[in-house]
$ cat data_11.txt   # compact mmCIF, C-alpha atoms
# COMPACT_ATOMS: atom_id res chain seq x y z
CA MET J 12 -144.00 80.40 -79.04
CA GLU J 13 -142.15 83.72 -79.19
CA ASN J 14 -141.00 83.40 -75.63
CA ARG J 15 -137.47 82.11 -76.11
CA GLY J 16 -135.90 85.53 -75.66
CA ALA J 17 -135.21 85.65 -79.43
CA GLU J 18 -131.46 85.39 -79.20
CA LYS J 19 -129.79 87.02 -82.19
CA THR J 20 -126.67 85.85 -83.94
CA TRP J 21 -125.15 86.84 -87.26
CA MET J 22 -122.34 86.34 -89.74
CA ARG J 23 -120.82 88.45 -92.49
CA LEU J 24 -118.88 87.24 -95.46
CA GLN J 25 -117.14 88.94 -98.38
CA ILE J 26 -116.15 86.87 -101.37
CA GLU J 27 -114.73 87.49 -104.79
CA SER J 28 -117.31 87.44 -107.54
CA ARG J 29 -116.42 84.29 -109.40
CA SER J 30 -118.45 81.23 -110.24
CA SER J 31 -116.20 78.90 -108.25
CA ASN J 32 -117.34 80.74 -105.09
CA GLU J 33 -121.03 79.90 -105.58
CA GLU J 34 -120.65 76.59 -103.80
CA PHE J 35 -118.59 78.14 -101.00
CA ALA J 36 -121.29 80.77 -100.42
CA ARG J 37 -124.22 78.38 -100.23
CA VAL J 38 -122.35 75.85 -98.07
CA THR J 39 -121.25 78.58 -95.65
CA ALA J 40 -124.81 79.86 -95.37
CA ALA J 41 -126.01 76.31 -94.72
CA VAL J 42 -123.40 75.71 -92.02
CA PHE J 43 -124.48 78.92 -90.28
CA LEU J 44 -128.12 77.91 -90.63
CA SER J 45 -127.38 74.53 -89.05
CA ARG J 46 -127.36 76.26 -85.62
CA MET J 47 -131.12 76.44 -85.96
CA ASN J 48 -131.33 72.67 -86.22
CA PRO J 49 -133.15 72.78 -89.57
CA THR J 50 -134.51 69.80 -91.45
CA VAL J 51 -132.52 68.56 -94.43
CA GLU J 52 -135.17 70.09 -96.66
CA GLU J 53 -134.93 73.52 -95.03
CA MET J 54 -131.16 73.35 -95.36
CA GLU J 55 -131.41 72.50 -99.07
CA ASP J 56 -133.96 75.27 -99.61
CA VAL J 57 -131.59 77.87 -98.19
CA LYS J 58 -128.64 76.47 -100.15
CA THR J 59 -130.60 76.71 -103.37
CA ALA J 60 -131.83 80.25 -102.69
CA VAL J 61 -128.36 81.52 -101.76
CA SER J 62 -126.90 79.83 -104.81
CA GLU J 63 -129.41 81.66 -107.02
CA ALA J 64 -128.70 85.05 -105.46
CA VAL J 65 -124.90 84.67 -105.64
CA THR J 66 -125.07 83.40 -109.22
CA ASN J 67 -127.04 86.54 -110.12
CA CYS J 68 -124.25 88.70 -108.66
CA VAL J 69 -121.62 86.83 -110.70
CA ILE J 70 -123.50 86.82 -114.01
CA HIS J 71 -125.62 89.94 -113.91
CA GLY J 72 -124.27 92.19 -111.16
CA TYR J 73 -120.61 91.99 -112.10
CA ARG J 74 -121.07 90.44 -115.58
CA GLU J 75 -118.33 87.88 -114.93
CA ARG J 76 -115.88 90.66 -114.09
CA PRO J 77 -114.11 91.09 -110.74
CA GLY J 78 -116.11 92.43 -107.81
CA ILE J 79 -117.02 91.70 -104.22
CA ILE J 80 -120.14 89.88 -103.10
CA TYR J 81 -121.36 90.68 -99.60
CA ILE J 82 -123.31 88.04 -97.73
CA GLU J 83 -124.88 88.58 -94.33
CA ALA J 84 -126.99 86.09 -92.43
CA GLU J 85 -128.86 86.51 -89.21
CA ILE J 86 -130.74 84.26 -86.87
CA GLU J 87 -133.33 85.72 -84.57
CA GLY J 88 -135.55 83.28 -82.78
CA ARG J 89 -136.86 81.02 -85.50
CA GLU J 90 -136.31 83.47 -88.30
CA PHE J 91 -133.39 83.12 -90.66
CA THR J 92 -132.47 86.14 -92.79
CA VAL J 93 -129.84 86.24 -95.50
CA ARG J 94 -128.79 89.27 -97.52
CA VAL J 95 -126.78 88.98 -100.71
CA ARG J 96 -125.45 92.24 -102.14
CA ASP J 97 -123.30 93.35 -105.03
CA GLU J 98 -122.06 96.75 -106.15
CA GLY J 99 -122.43 95.92 -109.80
CA ALA J 100 -124.67 96.84 -112.71
CA GLY J 101 -127.98 96.96 -110.85
CA ILE J 102 -131.41 96.21 -112.32
CA ALA J 103 -133.43 98.87 -114.13
CA ASP J 104 -136.74 97.01 -113.95
CA VAL J 105 -136.85 94.74 -110.90
CA ARG J 106 -140.40 93.58 -111.53
CA LYS J 107 -139.50 92.41 -115.01
CA ALA J 108 -136.31 90.73 -113.81
CA MET J 109 -138.38 88.76 -111.31
CA GLU J 110 -140.82 87.44 -113.90
CA PRO J 111 -140.51 83.68 -114.32
CA MET J 112 -138.53 82.71 -117.44
CA TYR J 113 -137.30 86.24 -118.05
CA THR J 114 -133.56 86.43 -118.55
CA SER J 115 -131.26 89.05 -119.97
CA ASP J 116 -128.60 86.39 -120.48
CA PRO J 117 -127.70 85.97 -124.16
CA THR J 118 -126.19 82.46 -123.99
CA GLY J 119 -129.51 80.61 -123.88
CA GLU J 120 -128.20 78.48 -121.05
CA ARG J 121 -130.01 80.34 -118.29
CA SER J 122 -133.57 79.45 -117.37
CA GLY J 123 -134.63 82.87 -116.08
CA MET J 124 -135.92 81.17 -112.94
CA GLY J 125 -133.44 82.43 -110.37
CA PHE J 126 -135.85 84.76 -108.55
CA SER J 127 -138.70 82.24 -108.90
CA PHE J 128 -136.53 79.67 -107.14
CA MET J 129 -135.68 82.12 -104.36
CA GLU J 130 -139.39 82.79 -103.91
CA ALA J 131 -140.22 79.08 -104.03
CA PHE J 132 -137.75 78.15 -101.31
CA MET J 133 -137.85 81.14 -98.97
CA ASP J 134 -140.81 82.74 -97.20
CA GLU J 135 -139.95 86.28 -98.22
CA VAL J 136 -137.78 87.76 -100.96
CA LYS J 137 -137.11 91.47 -101.32
CA VAL J 138 -135.03 92.99 -104.11
CA GLU J 139 -133.65 96.51 -103.97
CA SER J 140 -131.62 97.76 -106.87
CA GLU J 141 -130.38 100.83 -108.60
CA PRO J 142 -128.73 100.84 -112.03
CA GLY J 143 -125.02 101.47 -111.66
CA ARG J 144 -125.11 101.07 -107.87
CA GLY J 145 -125.82 97.40 -107.33
CA THR J 146 -128.45 95.06 -105.97
CA LEU J 147 -129.46 93.84 -102.53
CA VAL J 148 -131.54 90.70 -102.15
CA THR J 149 -133.01 90.05 -98.70
CA MET J 150 -134.52 86.65 -98.04
CA LYS J 151 -136.24 85.34 -94.93
CA LYS J 152 -137.30 81.90 -93.88
CA ARG J 153 -138.93 80.63 -90.76
CA ILE J 154 -137.21 77.47 -89.62
CA GLY J 155 -139.16 74.73 -87.90
CA GLY J 156 -142.68 73.70 -88.83
CA THR J 157 -145.40 74.26 -86.26
CA ALA J 158 -145.79 70.62 -85.20
CA ARG J 159 -142.08 70.08 -84.84
CA GLU J 160 -141.64 73.38 -83.10
CA ALA J 161 -144.34 72.60 -80.60
CA ALA J 162 -142.83 69.19 -79.89
CA GLN J 163 -139.38 70.65 -79.36
CA GLU J 164 -140.53 73.41 -77.08
CA ARG J 165 -142.53 70.90 -75.11
CA LYS J 166 -139.50 68.68 -74.70
CA ALA J 167 -137.21 71.54 -73.79
CA GLY J 168 -139.78 73.10 -71.49
CA THR J 169 -138.89 76.56 -72.69
CA GLY J 170 -142.07 78.28 -71.59
CA ASN J 171 -141.00 81.36 -69.65
CA GLU J 172 -143.81 80.89 -67.21
CA GLY J 173 -141.50 78.37 -65.62
CA ILE J 174 -144.04 75.57 -65.62
CA GLY J 175 -142.29 73.44 -68.20
CA GLY J 176 -143.93 72.06 -71.29
CA ILE J 177 -147.64 71.70 -71.71
CA ALA J 178 -148.61 68.72 -73.80
CA TYR J 179 -151.07 69.81 -76.46
CA GLY J 180 -152.70 66.94 -78.38
CA MET Q 10 -112.79 61.24 -110.51
CA ASP Q 11 -113.42 64.96 -110.49
CA GLN Q 12 -116.85 65.41 -109.00
CA GLY Q 13 -117.38 68.76 -110.66
CA THR Q 14 -117.40 67.71 -114.29
CA PHE Q 15 -119.73 66.03 -116.71
CA THR Q 16 -118.83 62.69 -118.21
CA TYR Q 17 -120.26 61.53 -121.51
CA GLU Q 18 -121.13 58.08 -122.71
CA ALA Q 19 -122.46 56.87 -126.05
CA ALA Q 20 -125.16 54.20 -126.11
CA GLY Q 21 -126.44 53.49 -129.60
CA GLN Q 22 -127.96 56.73 -130.85
CA ALA Q 23 -128.18 58.12 -127.35
CA LEU Q 24 -125.75 60.39 -125.59
CA ILE Q 25 -125.72 59.81 -121.86
CA ILE Q 26 -124.56 62.75 -119.77
CA HIS Q 27 -123.56 61.84 -116.23
CA LEU Q 28 -124.10 64.93 -114.11
CA PRO Q 29 -121.78 66.03 -111.32
CA ARG Q 30 -122.61 65.94 -107.60
CA GLU Q 31 -123.54 69.63 -107.64
CA VAL Q 32 -125.19 71.16 -110.70
CA ASP Q 33 -124.80 74.93 -110.50
CA HIS Q 34 -123.78 77.80 -112.78
CA HIS Q 35 -120.08 77.11 -112.22
CA ASN Q 36 -120.25 73.41 -112.99
CA CYS Q 37 -122.44 73.97 -116.05
CA LEU Q 38 -120.05 76.35 -117.80
CA THR Q 39 -118.43 73.67 -119.99
CA LEU Q 40 -121.58 71.73 -120.86
CA LYS Q 41 -122.77 73.75 -123.84
CA TYR Q 42 -119.42 73.65 -125.60
CA GLU Q 43 -118.95 69.95 -124.95
CA THR Q 44 -122.42 68.83 -126.00
CA ASP Q 45 -122.38 71.05 -129.09
CA LEU Q 46 -119.18 69.32 -130.15
CA LEU Q 47 -120.56 65.84 -129.48
CA LEU Q 48 -123.81 66.60 -131.31
CA ALA Q 49 -121.91 67.92 -134.32
CA GLU Q 50 -119.73 64.84 -134.62
CA ASN Q 51 -122.18 62.06 -133.81
CA TYR Q 52 -125.65 61.01 -134.86
CA ILE Q 53 -127.59 61.49 -131.66
CA ARG Q 54 -131.34 61.04 -131.46
CA ARG Q 55 -131.69 61.15 -127.74
CA MET Q 56 -129.98 62.89 -124.91
CA VAL Q 57 -130.10 61.19 -121.54
CA PHE Q 58 -129.27 62.94 -118.27
CA ASP Q 59 -128.09 60.74 -115.42
CA PHE Q 60 -128.88 62.36 -112.07
CA SER Q 61 -127.90 59.38 -109.92
CA GLY Q 62 -124.79 61.09 -108.56
CA THR Q 63 -126.38 64.52 -108.14
CA GLU Q 64 -127.21 65.89 -104.70
CA PHE Q 65 -127.60 69.60 -105.39
CA MET Q 66 -129.08 71.53 -108.28
CA ASP Q 67 -130.25 75.11 -108.69
CA SER Q 68 -132.00 76.81 -111.62
CA SER Q 69 -128.81 76.52 -113.68
CA GLY Q 70 -129.72 72.85 -114.10
CA ILE Q 71 -133.16 73.84 -115.41
CA GLY Q 72 -131.50 76.16 -117.92
CA ILE Q 73 -129.23 73.51 -119.35
CA LEU Q 74 -132.06 70.96 -119.57
CA LEU Q 75 -134.40 73.38 -121.33
CA ASN Q 76 -131.71 74.43 -123.75
CA ARG Q 77 -130.76 70.82 -124.57
CA TYR Q 78 -134.46 70.09 -125.06
CA LYS Q 79 -134.76 72.92 -127.59
CA GLN Q 80 -131.66 71.68 -129.34
CA MET Q 81 -132.89 68.08 -129.58
CA ALA Q 82 -136.51 68.97 -130.40
CA GLY Q 83 -135.22 71.10 -133.26
CA SER Q 84 -133.81 68.00 -134.92
CA GLY Q 85 -136.65 65.66 -133.99
CA GLY Q 86 -134.81 64.12 -131.06
CA SER Q 87 -135.77 63.83 -127.41
CA VAL Q 88 -134.43 64.22 -123.90
CA SER Q 89 -134.91 61.84 -120.99
CA ILE Q 90 -133.58 61.66 -117.48
CA TYR Q 91 -133.05 58.98 -114.84
CA GLY Q 92 -131.67 58.56 -111.35
CA ALA Q 93 -133.21 61.70 -109.83
CA GLY Q 94 -133.71 61.60 -106.06
CA THR Q 95 -136.42 63.40 -104.09
CA ARG Q 96 -134.68 66.77 -103.94
CA ILE Q 97 -133.77 66.82 -107.62
CA ARG Q 98 -137.30 65.76 -108.57
CA ARG Q 99 -138.67 68.69 -106.60
CA ILE Q 100 -136.32 71.09 -108.37
CA LEU Q 101 -137.30 69.65 -111.78
CA GLN Q 102 -140.96 69.94 -110.83
CA ILE Q 103 -140.70 73.59 -109.81
CA GLY Q 104 -138.65 74.26 -112.94
CA GLY Q 105 -141.47 72.88 -115.09
CA VAL Q 106 -139.18 70.44 -116.84
CA TYR Q 107 -141.51 67.45 -116.81
CA ARG Q 108 -143.65 68.89 -119.59
CA LEU Q 109 -140.73 68.51 -121.96
CA VAL Q 110 -138.42 65.87 -120.64
CA ARG Q 111 -139.30 62.27 -119.90
CA GLN Q 112 -138.47 60.97 -116.45
CA CYS Q 113 -137.47 57.32 -116.35
CA GLU Q 114 -136.91 54.92 -113.49
CA THR Q 115 -133.98 53.10 -115.07
CA ARG Q 116 -131.09 53.79 -117.38
CA GLU Q 117 -132.40 51.20 -119.87
CA GLU Q 118 -135.77 52.89 -120.07
CA ALA Q 119 -134.14 56.30 -120.49
CA VAL Q 120 -131.81 55.11 -123.24
CA TYR Q 121 -133.92 52.54 -125.11
CA GLY Q 122 -137.50 53.32 -124.05
CA LYS Q 123 -139.98 54.55 -126.58
CA GLN Q 124 -139.41 57.94 -128.16
CA GLY Q 125 -141.22 61.03 -127.03
CA ARG Q 126 -142.41 61.83 -123.57

$ encode --input "data_11.txt" --output "structure tokens"
Amino acid sequence: MENRGAEKTWMRLQIESRSSNEEFARVTAAVFLSRMNPTVEEMEDVKTAVSEAVTNCVIHGYRERPGIIYIEAEIEGREFTVRVRDEGAGIADVRKAMEPMYTSDPTGERSGMGFSFMEAFMDEVKVESEPGRGTLVTMKKRIGGTAREAAQERKAGTGNEGIGGIAYG
Amino acid sequence: MDQGTFTYEAAGQALIIHLPREVDHHNCLTLKYETDLLLAENYIRRMVFDFSGTEFMDSSGIGILLNRYKQMAGSGGSVSIYGAGTRIRRILQIGGVYRLVRQCETREEAVYGKQGR
């Protein structure tokens, strides 16, 4: 399973912090992810999670003021990692910010479910933040369910023992 | 037609809001202002969200639905939705919207169906 030589590839992107870039960010991440041959659902999951993280930078990190959002994505074997970072306000209490339905937004239009959505759609979400310094969100997702993965590796005969695929049940 | 904006339609005492292809923070920025204006100037008992043209939604969509629900519930009105595909239904499910908003199969049911959930 882990015998494909775990080739690593990455991308880095800097964008202006403005709401019109939210779509650009999630679509770019999805296009990069497409190299992993994900299912439509996996693709949508990543788009949603990236959209949440970038929206947080725009609203909370930079408070709708100018700034730069840094996005890095990495593919290693079957693991997709994306990091979304801002150099904005930062979060004093990360645990509280991650509570479902909690929002510091005063407009009433925000659900407070941004981090919950990231956690729902990715396998791992890590938030590092310091008030006044900014916030880094690291998210990981394993692409390819076990059945599908097994079928693909069988077909491709990627076993490094050089005996081709072994047909399990 | 601009795919990034909401369009509004009156149907009896219902206000139908046709959602854009992508419902995110950016595309939702005008909604509050526009619906507040429409609610102030019209007698609206029900707000109906049409998801039939929507392919992407993040938690911003949950925020606007919950806020419209609060607004309508405050005046004894209700909120219903129709046209949601598999992906949008999943988002609505995770967002916990179905406790408050009635999901309908057709536009007629959403607009004229019985009040409440």

$ closest_residue --input "data_11.txt" --among "Q:Glu64, Q:Glu18, Q:Glu43, Q:Glu114" --to "chain J" --atoms "all atoms listed in the file"
Q:Glu64

$ closest_atom_pairs --input "data_11.txt" --of "chain Q" --to "chain J" --cutoff "10 Å" --atoms "all atoms listed in the file" --output "tab-separated table"
residue	atom	partner	partner_atom	distance
Q:Glu31	CA	J:Glu34	CA	8.5
Q:Val32	CA	J:Glu34	CA	9.9
Q:Asp33	CA	J:Ser62	CA	7.8
Q:His34	CA	J:Thr66	CA	6.8
Q:His35	CA	J:Ser30	CA	4.9
Q:Asn36	CA	J:Ser31	CA	8.3
Q:Cys37	CA	J:Glu120	CA	8.9
Q:Leu38	CA	J:Glu120	CA	9.0
Q:Leu40	CA	J:Glu120	CA	9.5
Q:Lys41	CA	J:Glu120	CA	7.7
Q:Glu64	CA	J:Glu55	CA	9.6
Q:Phe65	CA	J:Glu55	CA	7.9
Q:Met66	CA	J:Thr59	CA	7.3
Q:Asp67	CA	J:Thr59	CA	5.6
Q:Ser68	CA	J:Gly125	CA	5.9
Q:Ser69	CA	J:Arg121	CA	6.1
Q:Gly70	CA	J:Ser122	CA	8.3
Q:Ile71	CA	J:Ser122	CA	6.0
Q:Gly72	CA	J:Ser122	CA	3.9
Q:Ile73	CA	J:Glu120	CA	5.4
Q:Leu74	CA	J:Glu120	CA	8.6
Q:Leu75	CA	J:Ser122	CA	7.3
Q:Asn76	CA	J:Glu120	CA	6.0
Q:Arg77	CA	J:Glu120	CA	8.8
Q:Arg96	CA	J:Glu52	CA	8.0
Q:Ile100	CA	J:Phe128	CA	8.7
Q:Ile103	CA	J:Phe128	CA	7.8
Q:Gly104	CA	J:Met124	CA	7.4

$ residues_around --input "data_11.txt" --residues "Val105 (chain J)" --least-positions-apart "4" --cutoff "9 Å" --atoms "only C-alpha atoms" --output "list in words"
Met109, Glu110, Val138, Glu139 and Ser140 of chain J

$ write_last_selection --input "data_11.txt" --atoms "C-alpha atoms" --output "mmCIF file, in the frame of the given file"
data_model
loop_
_atom_site.group_PDB
_atom_site.id
_atom_site.type_symbol
_atom_site.label_atom_id
_atom_site.label_comp_id
_atom_site.auth_asym_id
_atom_site.auth_seq_id
_atom_site.Cartn_x
_atom_site.Cartn_y
_atom_site.Cartn_z
ATOM 1 C CA MET J 109 -138.380 88.760 -111.310
ATOM 2 C CA GLU J 110 -140.820 87.440 -113.900
ATOM 3 C CA VAL J 138 -135.030 92.990 -104.110
ATOM 4 C CA GLU J 139 -133.650 96.510 -103.970
ATOM 5 C CA SER J 140 -131.620 97.760 -106.870
#

$ closest_residue --input "data_11.txt" --among "Q:Thr95, Q:Ala23, Q:Lys79, Q:Tyr42" --to "Glu118 (chain Q)" --atoms "all atoms listed in the file"
Q:Ala23

$ axis_aligned_box --input "data_11.txt" --around "region 14-27 of chain Q" --padding-each-side "5 Å" --output "lines of an AutoDock Vina configuration file"
center_x = -122.8
center_y = 60.6
center_z = -122.6
size_x = 20.8
size_y = 24.2
size_z = 26.6

$ residues_near_point --input "data_11.txt" --point "(-124.8, 59.8, -121.0)" --cutoff "12 Å" --atoms "only C-alpha atoms" --output "compact mmCIF listing (two decimals) with C-alpha atoms, keeping the file's coordinate frame"
# COMPACT_ATOMS: atom_id res chain seq x y z
CA PHE Q 15 -119.73 66.03 -116.71
CA THR Q 16 -118.83 62.69 -118.21
CA TYR Q 17 -120.26 61.53 -121.51
CA GLU Q 18 -121.13 58.08 -122.71
CA ALA Q 19 -122.46 56.87 -126.05
CA ALA Q 20 -125.16 54.20 -126.11
CA GLY Q 21 -126.44 53.49 -129.60
CA GLN Q 22 -127.96 56.73 -130.85
CA ALA Q 23 -128.18 58.12 -127.35
CA LEU Q 24 -125.75 60.39 -125.59
CA ILE Q 25 -125.72 59.81 -121.86
CA ILE Q 26 -124.56 62.75 -119.77
CA HIS Q 27 -123.56 61.84 -116.23
CA LEU Q 28 -124.10 64.93 -114.11
CA PRO Q 29 -121.78 66.03 -111.32
CA THR Q 44 -122.42 68.83 -126.00
CA LEU Q 47 -120.56 65.84 -129.48
CA ILE Q 53 -127.59 61.49 -131.66
CA ARG Q 55 -131.69 61.15 -127.74
CA MET Q 56 -129.98 62.89 -124.91
CA VAL Q 57 -130.10 61.19 -121.54
CA PHE Q 58 -129.27 62.94 -118.27
CA ASP Q 59 -128.09 60.74 -115.42
CA PHE Q 60 -128.88 62.36 -112.07
CA SER Q 61 -127.90 59.38 -109.92
CA VAL Q 88 -134.43 64.22 -123.90
CA SER Q 89 -134.91 61.84 -120.99
CA ILE Q 90 -133.58 61.66 -117.48
CA TYR Q 91 -133.05 58.98 -114.84
CA GLY Q 92 -131.67 58.56 -111.35
CA ARG Q 116 -131.09 53.79 -117.38
CA GLU Q 117 -132.40 51.20 -119.87
CA ALA Q 119 -134.14 56.30 -120.49
CA VAL Q 120 -131.81 55.11 -123.24

$ residues_around --input "data_11.txt" --residues "Val57 (chain J)" --least-positions-apart "5" --cutoff "8 Å" --atoms "only C-alpha atoms" --output "ChimeraX atom specification"
/J:37,40-41,132-133

$ closest_residue --input "data_11.txt" --among "J:Lys107, J:Arg46, J:Arg96, J:Lys137" --to "Met150 (chain J)" --atoms "only C-alpha atoms"
J:Lys137

$ residues_around --input "data_11.txt" --residues "Pro142 (chain J)" --least-positions-apart "5" --cutoff "9 Å" --atoms "all atoms listed in the file" --output "short mmCIF file (atom, residue, chain, number, x, y, z; two decimals) with C-alpha atoms, keeping the file's coordinate frame"
data_model
loop_
_atom_site.label_atom_id
_atom_site.label_comp_id
_atom_site.auth_asym_id
_atom_site.auth_seq_id
_atom_site.Cartn_x
_atom_site.Cartn_y
_atom_site.Cartn_z
CA GLY J 99 -122.43 95.92 -109.80
CA ALA J 100 -124.67 96.84 -112.71
CA GLY J 101 -127.98 96.96 -110.85
CA ILE J 102 -131.41 96.21 -112.32
CA ALA J 103 -133.43 98.87 -114.13
#

$ atom_distance --input "data_11.txt" --atom1 "CA of Tyr73 (chain J)" --atom2 "CA of Thr92 (chain J)"
23.4 Å

$ closest_residue --input "data_11.txt" --among "J:Lys152, J:Arg106, J:Lys19, J:Arg94" --to "Glu53 (chain J)" --atoms "all atoms listed in the file"
J:Lys152

$ atom_distance --input "data_11.txt" --atom1 "CA of Glu130 (chain J)" --atom2 "CA of Val93 (chain J)"
13.2 Å

$ residues_near_point --input "data_11.txt" --point "(-126.3, 84.1, -84.1)" --cutoff "9 Å" --atoms "all atoms listed in the file" --output "compact mmCIF listing (two decimals) with C-alpha atoms, keeping the file's coordinate frame"
# COMPACT_ATOMS: atom_id res chain seq x y z
CA GLU J 18 -131.46 85.39 -79.20
CA LYS J 19 -129.79 87.02 -82.19
CA THR J 20 -126.67 85.85 -83.94
CA TRP J 21 -125.15 86.84 -87.26
CA MET J 22 -122.34 86.34 -89.74
CA PHE J 43 -124.48 78.92 -90.28
CA ARG J 46 -127.36 76.26 -85.62
CA ALA J 84 -126.99 86.09 -92.43
CA GLU J 85 -128.86 86.51 -89.21
CA ILE J 86 -130.74 84.26 -86.87
CA GLU J 87 -133.33 85.72 -84.57

$ atom_distance --input "data_11.txt" --atom1 "CA of Gly86 (chain Q)" --atom2 "CA of Arg54 (chain Q)"
4.7 Å

$ closest_residue --input "data_11.txt" --among "J:Ala108, J:Ile154, J:Met54, J:Leu24" --to "Ile82 (chain J)" --atoms "only C-alpha atoms"
J:Leu24

$ closest_residue --input "data_11.txt" --among "Q:Thr14, Q:Thr39, Q:Gln80, Q:Thr63" --to "Gly94 (chain Q)" --atoms "only C-alpha atoms"
Q:Thr63

$ build_atoms --input "data_11.txt" --residues "region 65-85 of chain J" --atoms "N, CA and C atoms" --output "PDB file, in the coordinates of the input"
ATOM      1  N   VAL J  65    -126.332  84.464-105.376  1.00  0.00           N
ATOM      2  CA  VAL J  65    -124.900  84.670-105.640  1.00  0.00           C
ATOM      3  C   VAL J  65    -124.605  84.527-107.135  1.00  0.00           C
ATOM      4  N   THR J  66    -125.257  83.580-107.769  1.00  0.00           N
ATOM      5  CA  THR J  66    -125.070  83.400-109.220  1.00  0.00           C
ATOM      6  C   THR J  66    -125.501  84.666-109.962  1.00  0.00           C
ATOM      7  N   ASN J  67    -126.592  85.278-109.514  1.00  0.00           N
ATOM      8  CA  ASN J  67    -127.040  86.540-110.120  1.00  0.00           C
ATOM      9  C   ASN J  67    -125.965  87.629-110.012  1.00  0.00           C
ATOM     10  N   CYS J  68    -125.322  87.697-108.841  1.00  0.00           N
ATOM     11  CA  CYS J  68    -124.250  88.700-108.660  1.00  0.00           C
ATOM     12  C   CYS J  68    -123.124  88.450-109.667  1.00  0.00           C
ATOM     13  N   VAL J  69    -122.747  87.178-109.823  1.00  0.00           N
ATOM     14  CA  VAL J  69    -121.620  86.830-110.700  1.00  0.00           C
ATOM     15  C   VAL J  69    -121.961  87.131-112.163  1.00  0.00           C
ATOM     16  N   ILE J  70    -123.133  86.685-112.583  1.00  0.00           N
ATOM     17  CA  ILE J  70    -123.500  86.820-114.010  1.00  0.00           C
ATOM     18  C   ILE J  70    -123.990  88.223-114.348  1.00  0.00           C
ATOM     19  N   HIS J  71    -124.963  88.692-113.554  1.00  0.00           N
ATOM     20  CA  HIS J  71    -125.620  89.940-113.910  1.00  0.00           C
ATOM     21  C   HIS J  71    -125.024  91.167-113.217  1.00  0.00           C
ATOM     22  N   GLY J  72    -124.795  91.049-111.911  1.00  0.00           N
ATOM     23  CA  GLY J  72    -124.270  92.190-111.160  1.00  0.00           C
ATOM     24  C   GLY J  72    -122.909  92.606-111.711  1.00  0.00           C
ATOM     25  N   TYR J  73    -121.979  91.671-111.682  1.00  0.00           N
ATOM     26  CA  TYR J  73    -120.610  91.990-112.100  1.00  0.00           C
ATOM     27  C   TYR J  73    -120.281  91.523-113.519  1.00  0.00           C
ATOM     28  N   ARG J  74    -121.254  90.885-114.187  1.00  0.00           N
ATOM     29  CA  ARG J  74    -121.070  90.440-115.580  1.00  0.00           C
ATOM     30  C   ARG J  74    -119.757  89.693-115.779  1.00  0.00           C
ATOM     31  N   GLU J  75    -119.508  88.760-114.876  1.00  0.00           N
ATOM     32  CA  GLU J  75    -118.330  87.880-114.930  1.00  0.00           C
ATOM     33  C   GLU J  75    -117.014  88.638-114.747  1.00  0.00           C
ATOM     34  N   ARG J  76    -117.103  89.911-114.359  1.00  0.00           N
ATOM     35  CA  ARG J  76    -115.880  90.660-114.090  1.00  0.00           C
ATOM     36  C   ARG J  76    -115.634  90.708-112.580  1.00  0.00           C
ATOM     37  N   PRO J  77    -114.413  91.109-112.168  1.00  0.00           N
ATOM     38  CA  PRO J  77    -114.110  91.090-110.740  1.00  0.00           C
ATOM     39  C   PRO J  77    -115.017  92.023-109.924  1.00  0.00           C
ATOM     40  N   GLY J  78    -115.292  91.624-108.702  1.00  0.00           N
ATOM     41  CA  GLY J  78    -116.110  92.430-107.810  1.00  0.00           C
ATOM     42  C   GLY J  78    -116.199  91.701-106.475  1.00  0.00           C
ATOM     43  N   ILE J  79    -116.871  92.336-105.531  1.00  0.00           N
ATOM     44  CA  ILE J  79    -117.020  91.700-104.220  1.00  0.00           C
ATOM     45  C   ILE J  79    -118.499  91.428-103.959  1.00  0.00           C
ATOM     46  N   ILE J  80    -118.777  90.232-103.497  1.00  0.00           N
ATOM     47  CA  ILE J  80    -120.140  89.880-103.100  1.00  0.00           C
ATOM     48  C   ILE J  80    -120.203  89.868-101.579  1.00  0.00           C
ATOM     49  N   TYR J  81    -121.195  90.562-101.040  1.00  0.00           N
ATOM     50  CA  TYR J  81    -121.360  90.680 -99.600  1.00  0.00           C
ATOM     51  C   TYR J  81    -122.525  89.810 -99.145  1.00  0.00           C
ATOM     52  N   ILE J  82    -122.250  88.922 -98.215  1.00  0.00           N
ATOM     53  CA  ILE J  82    -123.310  88.040 -97.730  1.00  0.00           C
ATOM     54  C   ILE J  82    -123.423  88.206 -96.215  1.00  0.00           C
ATOM     55  N   GLU J  83    -124.639  88.463 -95.765  1.00  0.00           N
ATOM     56  CA  GLU J  83    -124.880  88.580 -94.330  1.00  0.00           C
ATOM     57  C   GLU J  83    -126.016  87.639 -93.973  1.00  0.00           C
ATOM     58  N   ALA J  84    -125.878  86.938 -92.882  1.00  0.00           N
ATOM     59  CA  ALA J  84    -126.990  86.090 -92.430  1.00  0.00           C
ATOM     60  C   ALA J  84    -127.225  86.366 -90.957  1.00  0.00           C
ATOM     61  N   GLU J  85    -128.458  86.152 -90.562  1.00  0.00           N
ATOM     62  CA  GLU J  85    -128.860  86.510 -89.210  1.00  0.00           C
ATOM     63  C   GLU J  85    -129.897  85.520 -88.717  1.00  0.00           C
TER      64      GLU J  85
END
